[in-house]
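See structure below.
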Amino acid sequence: MIKYLKILALFIISFFICYWTKEEKIDILLDKVFFNTLSILIGLSIAIVGIFLGSINSLYLSLYKMIKKDGSQFTDKEINNIKVGLNDMIKELRENTFLSVYSLIAIIVLFVIKSIDFPYIHWFVDSSIITKIFSVNVFIIFISTLIFWSIVDSVKVVFRITNAFELVKDQNAS
């Protein structure tokens with residue numbers, strides 16, 4: 001529920017950014033800054049995922065050979081707990097990465113829609129504020145904030161992965 005409230009808040013913020021800012025400034029910002037920045041950040045996000053997936057695969061292979069700080073070996077139950085925790089984090093990383101990639105594709109499509117004047121198709125809202133350009137800008141900013149959110153979440157996941165063996169301690173404490 002909180003996740004959906006955050007998404008709604010991001011959409012409302014995107015709306016008011018477009019509402020309170022001149023359209024020309026939004027266009028310059030979106031065309032020159034946002035698109036390039038988002039492309040670079042998504043590329044870095046994919047690189048991070050690739051690096052950590054390789055590390056996680058080697059971690060899986062060496063789990064049975066590792067020993068705890070006290071010198072004892074991990075039990076099968078502890079290893080399974082680590083694997084479950086890692087799998088959950090990998091799933092979250094995958095979802096964040098696909099959200100970023102699909103969102104970038106959506107932004108590209110929105111830029112195309114924004115610049116094309118479709119003949120015989122009229123904007124369905126009769127308003128001086130909520131025009132086609134305004135609506136497309138709101139969606140571009142909204143989707144961009146989702147991308148930033150997913151990248152920040154991916155970084156958090158990466159740091160949680162580096163502390164994966166703390167899962168064993170948490171499971172033993174429960």
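Residue numbering restarts at 1 in every chain; chains get A, B, ... in the order shown in the structure tokens, and ligands count up from 1 in that same order.
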
Within 10 Å of segment 8-28 of chain A, which residues of segment 32-141 of chain A show up? Give each one with its shortest atom-to-atom distance in Å (one decimal) and the two atoms involved, counting only C-alpha atoms, rows by chain then rising residue number, as a tab-separated table.
residue	atom	partner	partner_atom	distance
A:Lys32	CA	A:Ile28	CA	5.9
A:Val33	CA	A:Ile28	CA	7.6
A:Phe34	CA	A:Ile28	CA	9.2
A:Ile129	CA	A:Tyr19	CA	7.9
A:Ile130	CA	A:Tyr19	CA	9.0
A:Ile133	CA	A:Glu23	CA	8.3
A:Phe134	CA	A:Cys18	CA	6.8
A:Ser135	CA	A:Phe15	CA	8.3
A:Val136	CA	A:Cys18	CA	9.9
A:Asn137	CA	A:Cys18	CA	6.9
A:Val138	CA	A:Phe15	CA	5.4
A:Phe139	CA	A:Ser14	CA	7.6
A:Ile140	CA	A:Ser14	CA	8.6
A:Ile141	CA	A:Ser14	CA	5.7

Quick one: write out the picked residues with all heavy atoms as a tab-separated table (two decimals), in the first residue's frame?
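Listed below is the output, out_22.tsv:
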chain	number	residue	atom	x	y	z
A	32	LYS	N	17.17	17.84	-23.38
A	32	LYS	CA	18.62	17.87	-23.32
A	32	LYS	C	19.20	17.19	-22.10
A	32	LYS	O	20.20	16.51	-22.17
A	32	LYS	CB	19.11	19.31	-23.40
A	32	LYS	CG	18.76	19.93	-24.73
A	32	LYS	CD	19.40	21.24	-24.94
A	32	LYS	CE	18.99	21.69	-26.34
A	32	LYS	NZ	19.30	23.01	-26.62
A	33	VAL	N	18.59	17.37	-20.96
A	33	VAL	CA	19.19	16.89	-19.73
A	33	VAL	C	18.67	15.51	-19.35
A	33	VAL	O	19.44	14.57	-19.17
A	33	VAL	CB	18.95	17.89	-18.58
A	33	VAL	CG1	19.50	17.37	-17.28
A	33	VAL	CG2	19.55	19.24	-18.92
A	34	PHE	N	17.37	15.40	-19.24
A	34	PHE	CA	16.78	14.18	-18.70
A	34	PHE	C	17.11	12.95	-19.53
A	34	PHE	O	17.52	11.94	-19.00
A	34	PHE	CB	15.25	14.32	-18.60
A	34	PHE	CG	14.77	14.60	-17.21
A	34	PHE	CD1	15.30	15.63	-16.47
A	34	PHE	CD2	13.79	13.82	-16.65
A	34	PHE	CE1	14.86	15.89	-15.20
A	34	PHE	CE2	13.34	14.07	-15.38
A	34	PHE	CZ	13.88	15.11	-14.65
A	129	ILE	N	-5.12	23.95	-19.97
A	129	ILE	CA	-3.99	23.53	-19.14
A	129	ILE	C	-3.54	22.12	-19.51
A	129	ILE	O	-2.36	21.88	-19.77
A	129	ILE	CB	-4.37	23.58	-17.64
A	129	ILE	CG1	-4.66	25.02	-17.23
A	129	ILE	CG2	-3.26	23.00	-16.79
A	129	ILE	CD1	-5.22	25.15	-15.84
A	130	ILE	N	-4.46	21.19	-19.54
A	130	ILE	CA	-4.11	19.79	-19.78
A	130	ILE	C	-4.14	19.53	-21.29
A	130	ILE	O	-5.06	18.92	-21.82
A	130	ILE	CB	-5.05	18.85	-19.01
A	130	ILE	CG1	-5.02	19.18	-17.52
A	130	ILE	CG2	-4.67	17.39	-19.24
A	130	ILE	CD1	-5.95	18.39	-16.67
A	133	ILE	N	0.82	18.19	-25.02
A	133	ILE	CA	2.22	18.40	-24.64
A	133	ILE	C	2.36	18.38	-23.11
A	133	ILE	O	3.28	17.74	-22.59
A	133	ILE	CB	2.74	19.75	-25.20
A	133	ILE	CG1	2.63	19.78	-26.72
A	133	ILE	CG2	4.16	20.03	-24.74
A	133	ILE	CD1	3.49	18.80	-27.43
A	134	PHE	N	1.45	19.03	-22.41
A	134	PHE	CA	1.48	19.04	-20.95
A	134	PHE	C	1.38	17.62	-20.41
A	134	PHE	O	2.15	17.22	-19.54
A	134	PHE	CB	0.34	19.92	-20.41
A	134	PHE	CG	0.24	19.93	-18.91
A	134	PHE	CD1	1.01	20.80	-18.16
A	134	PHE	CD2	-0.62	19.06	-18.25
A	134	PHE	CE1	0.92	20.82	-16.77
A	134	PHE	CE2	-0.71	19.07	-16.87
A	134	PHE	CZ	0.07	19.95	-16.13
A	135	SER	N	0.44	16.86	-20.92
A	135	SER	CA	0.23	15.49	-20.43
A	135	SER	C	1.44	14.60	-20.72
A	135	SER	O	1.86	13.82	-19.86
A	135	SER	CB	-1.02	14.89	-21.08
A	135	SER	OG	-2.15	15.65	-20.75
A	136	VAL	N	1.99	14.72	-21.91
A	136	VAL	CA	3.17	13.92	-22.25
A	136	VAL	C	4.34	14.32	-21.35
A	136	VAL	O	5.07	13.44	-20.85
A	136	VAL	CB	3.53	14.08	-23.75
A	136	VAL	CG1	4.89	13.48	-24.06
A	136	VAL	CG2	2.46	13.44	-24.62
A	137	ASN	N	4.51	15.61	-21.10
A	137	ASN	CA	5.59	16.05	-20.20
A	137	ASN	C	5.39	15.50	-18.79
A	137	ASN	O	6.35	15.09	-18.14
A	137	ASN	CB	5.66	17.58	-20.16
A	137	ASN	CG	6.27	18.17	-21.41
A	137	ASN	OD1	6.93	17.47	-22.18
A	137	ASN	ND2	6.05	19.44	-21.62
A	138	VAL	N	4.15	15.50	-18.31
A	138	VAL	CA	3.88	14.94	-16.98
A	138	VAL	C	4.28	13.47	-16.94
A	138	VAL	O	4.95	13.02	-16.00
A	138	VAL	CB	2.39	15.11	-16.59
A	138	VAL	CG1	2.04	14.27	-15.37
A	138	VAL	CG2	2.05	16.56	-16.33
A	139	PHE	N	3.90	12.72	-17.96
A	139	PHE	CA	4.24	11.29	-17.98
A	139	PHE	C	5.74	11.06	-18.11
A	139	PHE	O	6.29	10.15	-17.50
A	139	PHE	CB	3.47	10.56	-19.08
A	139	PHE	CG	2.06	10.24	-18.70
A	139	PHE	CD1	1.01	10.89	-19.31
A	139	PHE	CD2	1.78	9.32	-17.70
A	139	PHE	CE1	-0.30	10.62	-18.94
A	139	PHE	CE2	0.49	9.04	-17.33
A	139	PHE	CZ	-0.57	9.69	-17.95
A	140	ILE	N	6.43	11.89	-18.89
A	140	ILE	CA	7.87	11.75	-19.02
A	140	ILE	C	8.55	12.01	-17.67
A	140	ILE	O	9.43	11.25	-17.25
A	140	ILE	CB	8.44	12.68	-20.11
A	140	ILE	CG1	8.01	12.19	-21.50
A	140	ILE	CG2	9.97	12.76	-20.03
A	140	ILE	CD1	8.36	13.13	-22.63
A	141	ILE	N	8.14	13.06	-16.99
A	141	ILE	CA	8.73	13.36	-15.68
A	141	ILE	C	8.37	12.28	-14.67
A	141	ILE	O	9.21	11.83	-13.89
A	141	ILE	CB	8.30	14.76	-15.19
A	141	ILE	CG1	8.96	15.83	-16.07
A	141	ILE	CG2	8.66	14.97	-13.72
A	141	ILE	CD1	8.50	17.23	-15.79

For this session: Considering only C-alpha atoms, return as a ChimeraX atom specification whatever protein or nucleic-acid residues lie within 8 Å of Ser45 of chain A, sequence-local ones (same chain, fewer than 3 positions apart) excluded.
Result: /A:41-42,48-49,97,151,154

Problem set entry | Atomic distance atom CA of Phe111 of chain A - atom CA of Glu95 of chain A, expressed in Å with one decimal |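 So the answer is 24.0 Å.
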
Exercise. Which residue gives the smallest distance to Thr131 of chain A among A:Val84, A:Asn57, A:Lys114, A:Ile90, with only C-alpha atoms counted?
Worked result: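 Using only C-alpha atoms, the shortest distance to Thr131 of chain A belongs to A:Lys114.
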